[in-house]
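Participant: Below you'll find the structure I mean.
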Amino acid sequence: MNEVAILLPAFNEELTLKDTILSFFHEVPKALIVVIDNNSKDKTAQIAKETFEEYNINGILLRENRQGKGNAIRYAFKKIDAKIYVMADADMTYPAFQVHELINAIKYEDIDMCIGDRLSNGTYEKENTRALHSFGNSLVKNLVNKLFASNINDIMSGYRAFSRHFVKHYPILVEGFELETDMSLHALDKRFRIKEIPIEYKDRPDGSLSKLNTFDDGFKVLLTIFRIFRYYRPFIFFTILSFVFLVLCLICSIPVFDDWFTHKYIYHVPLAILATGLGLISIIFFSLGIMLDSISHLSKLEFEQRTL
Ligand SMILES: Nc1nc2c(ncn2[C@@H]2O[C@H](COP(=O)(O)OP(=O)(O)O)[C@@H](O)[C@H]2O)c(=O)[nH]1
Ligand SMILES: [Mg+2]
């Protein structure tokens with residue numbers, strides 16, 4: 001089995017793929033380097049093959065038809081056997097020279113997921129000019145840290161190392177760029193051992209474009225927040241909904257109660273019916289919260305037993 005596999009998802013990265021492969025090859029010559037191509041329209045696949053041949057690199061080119069980084073990594077996680085996995089971008093933004101720090105955390109400290117943290121030493125803010133992107137990042141980060149009582153700096157970093165244990169027990173259900181957040185959530189929720197190491201981040205070289213669209217992904221951030229609550233904290237989510245409907249119910253019932261106490265008769269019949277409906281919805285949401293909370297508890301229990 002390979003000691004280390006370096007996974008490079010690549011979608012139209014002809015400008016930077018070769019340099020990225022070589023930079024990692026230079027640091028860890030024995031590692032298996034895996035490029036996962038996803039219907040690239042440029043020479044990405046060809047460049048991967050040629051670079052492997054030219055430098056006699058222990059490399060594999062995987063192809064995944066379903067578009068998205070999540071799909072690409074999912075395929076690689078299933079297909080590739082290694083003791084330690086590293087994931088990085090194929091765009092020369094992450095420092096290959098720091099890969100040893102990530103690998104050593106997995107190897108010697110029994111860490112399951114080591115995150116290369118772009119935010120702690122300020123290089124990301126300096127290099128990355130997309131302000132909205134940083135805003136979305138910190139919104140989700142703060143929420144996650146509150147909900148999981150954790151202290152992760154860079155929840156969306158694409159530079160990480162994983163233990164085999166993590167890789168083989170991580171069901172990837174996301175298709176695209178939600179991947180990194182999902183990894184962090186899964187690791188926190190299932191209480192894997194996490195460590196962060198500050199890394200240097202460089203913006204893409206001129207001419208190379210990010211595959212991330214700020215507007216689309218801003219919307220995805222909102223979806224992510226919604227999903228976090230729904231899947232990981234259903235009790236809070238449904239209790240909040242239940243509370244909203246309870247408040248509406250109480251507001252609608254004020255005139256109804258007023259009628260009853262002053263006239264011993266109810267004149268606001270439609271309002272009384274509305275209040276009843278709102279009250280029932282509130283109860284339904286609350287019950288749902290309790291039920292889904294039990295289900296999420298059971299799934300955690302089952303996961304713990306399965307991964308003992
Ligand atoms: N296989 C595959 N890789 C992708 C896809 N989208 C992005 N990537 C790769 O994932 C990495 C991260 O994407 P990037 O555009 O750099 O995102 P950013 O670092 O957040 O700006 C890069 O190496 C991309 O080539 C995709 O649909 N399929
Ligand atoms: Mg990138």
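Labels for the structure tokens follow display order: chains A, B, ..., residues from 1 in each chain, ligands from 1.
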Which residues are close to Cys249 of chain A, i.e. within 6 Å by only C-alpha atoms, leaving aside same-chain residues fewer than 3 positions away? Reply as JSON, numbers by chain.

Facilitator: {"A": [245, 246, 252, 275, 278, 279]}

Participant: List as JSON lines every residue of segment 171-198 of chain A that is in contact with segment 128-147 of chain A, defined as an atom at most 12 Å from one of its atoms (using only C-alpha atoms), together with the nearest atom pair and the distance in Å rounded to one decimal, sorted by chain and then rising number.

Facilitator:
```
{"residue": "A:Glu178", "atom": "CA", "partner": "A:Val140", "partner_atom": "CA", "distance": 11.5}
{"residue": "A:Glu180", "atom": "CA", "partner": "A:Asn137", "partner_atom": "CA", "distance": 11.2}
{"residue": "A:Thr181", "atom": "CA", "partner": "A:Val140", "partner_atom": "CA", "distance": 8.6}
{"residue": "A:Asp182", "atom": "CA", "partner": "A:Val144", "partner_atom": "CA", "distance": 10.9}
{"residue": "A:Ser184", "atom": "CA", "partner": "A:Val144", "partner_atom": "CA", "distance": 9.1}
{"residue": "A:Leu185", "atom": "CA", "partner": "A:Val144", "partner_atom": "CA", "distance": 7.8}
{"residue": "A:His186", "atom": "CA", "partner": "A:Val144", "partner_atom": "CA", "distance": 11.4}
{"residue": "A:Ala187", "atom": "CA", "partner": "A:Val144", "partner_atom": "CA", "distance": 11.8}
{"residue": "A:Leu188", "atom": "CA", "partner": "A:Val144", "partner_atom": "CA", "distance": 9.2}
{"residue": "A:Asp189", "atom": "CA", "partner": "A:Leu147", "partner_atom": "CA", "distance": 10.0}
```

Participant: Restricted to C-alpha atoms, what would the selected residues look like written as a compact mmCIF listing (two decimals), in the first residue's frame?

Facilitator:
```txt
# COMPACT_ATOMS: atom_id res chain seq x y z
CA GLU A 178 -19.48 22.26 -0.35
CA GLU A 180 -14.52 21.25 2.41
CA THR A 181 -17.21 22.51 4.76
CA ASP A 182 -18.78 19.08 4.74
CA SER A 184 -15.06 19.80 8.60
CA LEU A 185 -18.63 19.17 9.75
CA HIS A 186 -18.31 15.42 9.46
CA ALA A 187 -15.04 15.46 11.39
CA LEU A 188 -16.50 17.64 14.15
CA ASP A 189 -19.78 15.80 14.39
```

Participant: Kindly compile the residues surrounding ligand 2 within 6 Å, counting only C-alpha atoms and all ligand atoms, and format them as a ChimeraX atom specification.

Facilitator: /A:89,91,93

Participant: Take the selection from the previous step and output its residues with all heavy atoms, as a PDB file, in the first residue's frame.

Facilitator:
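After the write, result-v8.pdb holds the following:
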```pdb
ATOM      1  N   ASP A  89      -5.136  21.815  -4.062  1.00  0.00           N
ATOM      2  CA  ASP A  89      -5.584  22.341  -5.351  1.00  0.00           C
ATOM      3  C   ASP A  89      -4.485  22.163  -6.393  1.00  0.00           C
ATOM      4  O   ASP A  89      -3.310  22.126  -6.052  1.00  0.00           O
ATOM      5  CB  ASP A  89      -5.893  23.845  -5.248  1.00  0.00           C
ATOM      6  CG  ASP A  89      -7.179  24.118  -4.515  1.00  0.00           C
ATOM      7  OD1 ASP A  89      -7.761  23.157  -3.986  1.00  0.00           O
ATOM      8  OD2 ASP A  89      -7.592  25.303  -4.478  1.00  0.00           O
ATOM      9  N   ASP A  91      -3.626  24.403  -8.442  1.00  0.00           N
ATOM     10  CA  ASP A  91      -3.491  25.765  -8.978  1.00  0.00           C
ATOM     11  C   ASP A  91      -2.326  26.554  -8.381  1.00  0.00           C
ATOM     12  O   ASP A  91      -2.276  27.777  -8.497  1.00  0.00           O
ATOM     13  CB  ASP A  91      -4.798  26.529  -8.749  1.00  0.00           C
ATOM     14  CG  ASP A  91      -5.179  26.594  -7.278  1.00  0.00           C
ATOM     15  OD1 ASP A  91      -4.398  26.115  -6.443  1.00  0.00           O
ATOM     16  OD2 ASP A  91      -6.272  27.104  -6.978  1.00  0.00           O
ATOM     17  N   THR A  93      -1.662  27.354  -5.403  1.00  0.00           N
ATOM     18  CA  THR A  93      -1.957  28.311  -4.336  1.00  0.00           C
ATOM     19  C   THR A  93      -1.476  27.797  -2.979  1.00  0.00           C
ATOM     20  O   THR A  93      -1.206  28.593  -2.080  1.00  0.00           O
ATOM     21  CB  THR A  93      -3.461  28.603  -4.244  1.00  0.00           C
ATOM     22  OG1 THR A  93      -4.156  27.374  -4.149  1.00  0.00           O
ATOM     23  CG2 THR A  93      -3.957  29.377  -5.447  1.00  0.00           C
TER      24      THR A  93
END
```

Participant: Enumerate, in order of chain and increasing residue number, the residues of chain A with an atom no farther than 7 Å from ligand 1, each with its shortest atom pair and distance in Å to one decimal, counting only C-alpha atoms and all ligand atoms, as a Markdown table.

Facilitator:
```
| residue | atom | partner | partner_atom_place_in_ligand_line | distance |
| --- | --- | --- | --- | --- |
| A:Leu8 | CA | ligand 1 | 23 (O) | 6.1 |
| A:Pro9 | CA | ligand 1 | 3 (N) | 4.0 |
| A:Ala10 | CA | ligand 1 | 25 (O) | 3.5 |
| A:Phe11 | CA | ligand 1 | 25 (O) | 3.9 |
| A:Asn12 | CA | ligand 1 | 25 (O) | 6.1 |
| A:Glu13 | CA | ligand 1 | 25 (O) | 5.6 |
| A:Ile36 | CA | ligand 1 | 1 (N) | 5.0 |
| A:Asp37 | CA | ligand 1 | 1 (N) | 4.6 |
| A:Asn38 | CA | ligand 1 | 1 (N) | 4.3 |
| A:Gln67 | CA | ligand 1 | 27 (O) | 4.6 |
| A:Gly68 | CA | ligand 1 | 27 (O) | 3.2 |
| A:Lys69 | CA | ligand 1 | 26 (C) | 4.2 |
| A:Ala72 | CA | ligand 1 | 1 (N) | 4.7 |
| A:Ala88 | CA | ligand 1 | 23 (O) | 6.9 |
| A:Asp89 | CA | ligand 1 | 23 (O) | 3.6 |
| A:Ala90 | CA | ligand 1 | 23 (O) | 3.7 |
| A:Asp91 | CA | ligand 1 | 23 (O) | 5.4 |
| A:Gly158 | CA | ligand 1 | 19 (O) | 6.7 |
| A:Gly176 | CA | ligand 1 | 27 (O) | 6.6 |
| A:Leu209 | CA | ligand 1 | 15 (O) | 6.8 |
| A:Ser210 | CA | ligand 1 | 15 (O) | 3.6 |
| A:Lys211 | CA | ligand 1 | 15 (O) | 3.4 |
| A:Leu212 | CA | ligand 1 | 15 (O) | 5.1 |
```

Participant: Could you save those same residues with N, CA and C atoms as a PDB file, in the first residue's frame?

Facilitator:
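What ended up in again-v9.pdb:
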```pdb
ATOM      1  N   LEU A   8      -5.019  15.546  -6.350  1.00  0.00           N
ATOM      2  CA  LEU A   8      -5.144  16.874  -6.968  1.00  0.00           C
ATOM      3  C   LEU A   8      -6.353  16.902  -7.898  1.00  0.00           C
ATOM      4  N   PRO A   9      -7.498  17.352  -7.412  1.00  0.00           N
ATOM      5  CA  PRO A   9      -8.635  17.505  -8.323  1.00  0.00           C
ATOM      6  C   PRO A   9      -8.312  18.629  -9.301  1.00  0.00           C
ATOM      7  N   ALA A  10      -8.582  18.407 -10.570  1.00  0.00           N
ATOM      8  CA  ALA A  10      -8.183  19.429 -11.539  1.00  0.00           C
ATOM      9  C   ALA A  10      -9.251  19.603 -12.603  1.00  0.00           C
ATOM     10  N   PHE A  11      -9.708  20.814 -12.742  1.00  0.00           N
ATOM     11  CA  PHE A  11     -10.692  21.139 -13.766  1.00  0.00           C
ATOM     12  C   PHE A  11     -10.162  22.327 -14.552  1.00  0.00           C
ATOM     13  N   ASN A  12      -9.775  22.094 -15.777  1.00  0.00           N
ATOM     14  CA  ASN A  12      -9.161  23.126 -16.618  1.00  0.00           C
ATOM     15  C   ASN A  12      -7.999  23.829 -15.927  1.00  0.00           C
ATOM     16  N   GLU A  13      -6.984  23.049 -15.585  1.00  0.00           N
ATOM     17  CA  GLU A  13      -5.830  23.634 -14.881  1.00  0.00           C
ATOM     18  C   GLU A  13      -4.552  23.488 -15.688  1.00  0.00           C
ATOM     19  N   ILE A  36      -7.286  14.055 -10.528  1.00  0.00           N
ATOM     20  CA  ILE A  36      -8.649  13.657 -10.876  1.00  0.00           C
ATOM     21  C   ILE A  36      -9.222  14.700 -11.817  1.00  0.00           C
ATOM     22  N   ASP A  37      -9.365  14.304 -13.060  1.00  0.00           N
ATOM     23  CA  ASP A  37      -9.858  15.217 -14.082  1.00  0.00           C
ATOM     24  C   ASP A  37     -11.374  15.054 -14.208  1.00  0.00           C
ATOM     25  N   ASN A  38     -12.012  16.149 -14.483  1.00  0.00           N
ATOM     26  CA  ASN A  38     -13.475  16.195 -14.495  1.00  0.00           C
ATOM     27  C   ASN A  38     -13.938  16.861 -15.782  1.00  0.00           C
ATOM     28  N   GLN A  67     -19.607  16.078 -12.791  1.00  0.00           N
ATOM     29  CA  GLN A  67     -18.853  17.305 -12.517  1.00  0.00           C
ATOM     30  C   GLN A  67     -18.864  17.649 -11.035  1.00  0.00           C
ATOM     31  N   GLY A  68     -17.769  18.195 -10.569  1.00  0.00           N
ATOM     32  CA  GLY A  68     -17.730  18.700  -9.193  1.00  0.00           C
ATOM     33  C   GLY A  68     -16.566  18.136  -8.406  1.00  0.00           C
ATOM     34  N   LYS A  69     -15.988  18.994  -7.565  1.00  0.00           N
ATOM     35  CA  LYS A  69     -14.855  18.570  -6.759  1.00  0.00           C
ATOM     36  C   LYS A  69     -15.244  17.459  -5.782  1.00  0.00           C
ATOM     37  N   ALA A  72     -15.254  14.256  -7.582  1.00  0.00           N
ATOM     38  CA  ALA A  72     -13.888  13.860  -7.918  1.00  0.00           C
ATOM     39  C   ALA A  72     -13.191  13.227  -6.710  1.00  0.00           C
ATOM     40  N   ALA A  88      -5.025  18.673  -2.244  1.00  0.00           N
ATOM     41  CA  ALA A  88      -4.598  20.059  -2.497  1.00  0.00           C
ATOM     42  C   ALA A  88      -5.190  20.528  -3.820  1.00  0.00           C
ATOM     43  N   ASP A  89      -5.136  21.815  -4.062  1.00  0.00           N
ATOM     44  CA  ASP A  89      -5.584  22.341  -5.351  1.00  0.00           C
ATOM     45  C   ASP A  89      -4.485  22.163  -6.393  1.00  0.00           C
ATOM     46  N   ALA A  90      -4.904  22.120  -7.648  1.00  0.00           N
ATOM     47  CA  ALA A  90      -3.920  21.995  -8.733  1.00  0.00           C
ATOM     48  C   ALA A  90      -3.582  23.373  -9.286  1.00  0.00           C
ATOM     49  N   ASP A  91      -3.626  24.403  -8.442  1.00  0.00           N
ATOM     50  CA  ASP A  91      -3.491  25.765  -8.978  1.00  0.00           C
ATOM     51  C   ASP A  91      -2.326  26.554  -8.381  1.00  0.00           C
ATOM     52  N   GLY A 158      -8.757  24.054   1.239  1.00  0.00           N
ATOM     53  CA  GLY A 158      -8.708  22.906   0.339  1.00  0.00           C
ATOM     54  C   GLY A 158      -7.426  22.105   0.490  1.00  0.00           C
ATOM     55  N   GLY A 176     -20.009  19.340  -5.042  1.00  0.00           N
ATOM     56  CA  GLY A 176     -19.125  20.412  -5.511  1.00  0.00           C
ATOM     57  C   GLY A 176     -18.280  21.002  -4.412  1.00  0.00           C
ATOM     58  N   LEU A 209      -7.759  31.092 -13.574  1.00  0.00           N
ATOM     59  CA  LEU A 209      -8.989  31.577 -12.938  1.00  0.00           C
ATOM     60  C   LEU A 209      -9.561  30.578 -11.947  1.00  0.00           C
ATOM     61  N   SER A 210     -10.079  31.117 -10.845  1.00  0.00           N
ATOM     62  CA  SER A 210     -10.721  30.254  -9.864  1.00  0.00           C
ATOM     63  C   SER A 210     -12.005  29.685 -10.442  1.00  0.00           C
ATOM     64  N   LYS A 211     -12.344  28.455 -10.023  1.00  0.00           N
ATOM     65  CA  LYS A 211     -13.571  27.826 -10.499  1.00  0.00           C
ATOM     66  C   LYS A 211     -14.749  28.209  -9.600  1.00  0.00           C
ATOM     67  N   LEU A 212     -14.416  29.044  -8.607  1.00  0.00           N
ATOM     68  CA  LEU A 212     -15.433  29.395  -7.639  1.00  0.00           C
ATOM     69  C   LEU A 212     -16.103  30.702  -8.048  1.00  0.00           C
TER      70      LEU A 212
END
```

Participant: Mind checking DSSP for segment 43-78 of chain A and telling me the helix (DSSP H, G or I) residues as a PyMOL selection string?

Facilitator: chain A and resi 44-54+69-78
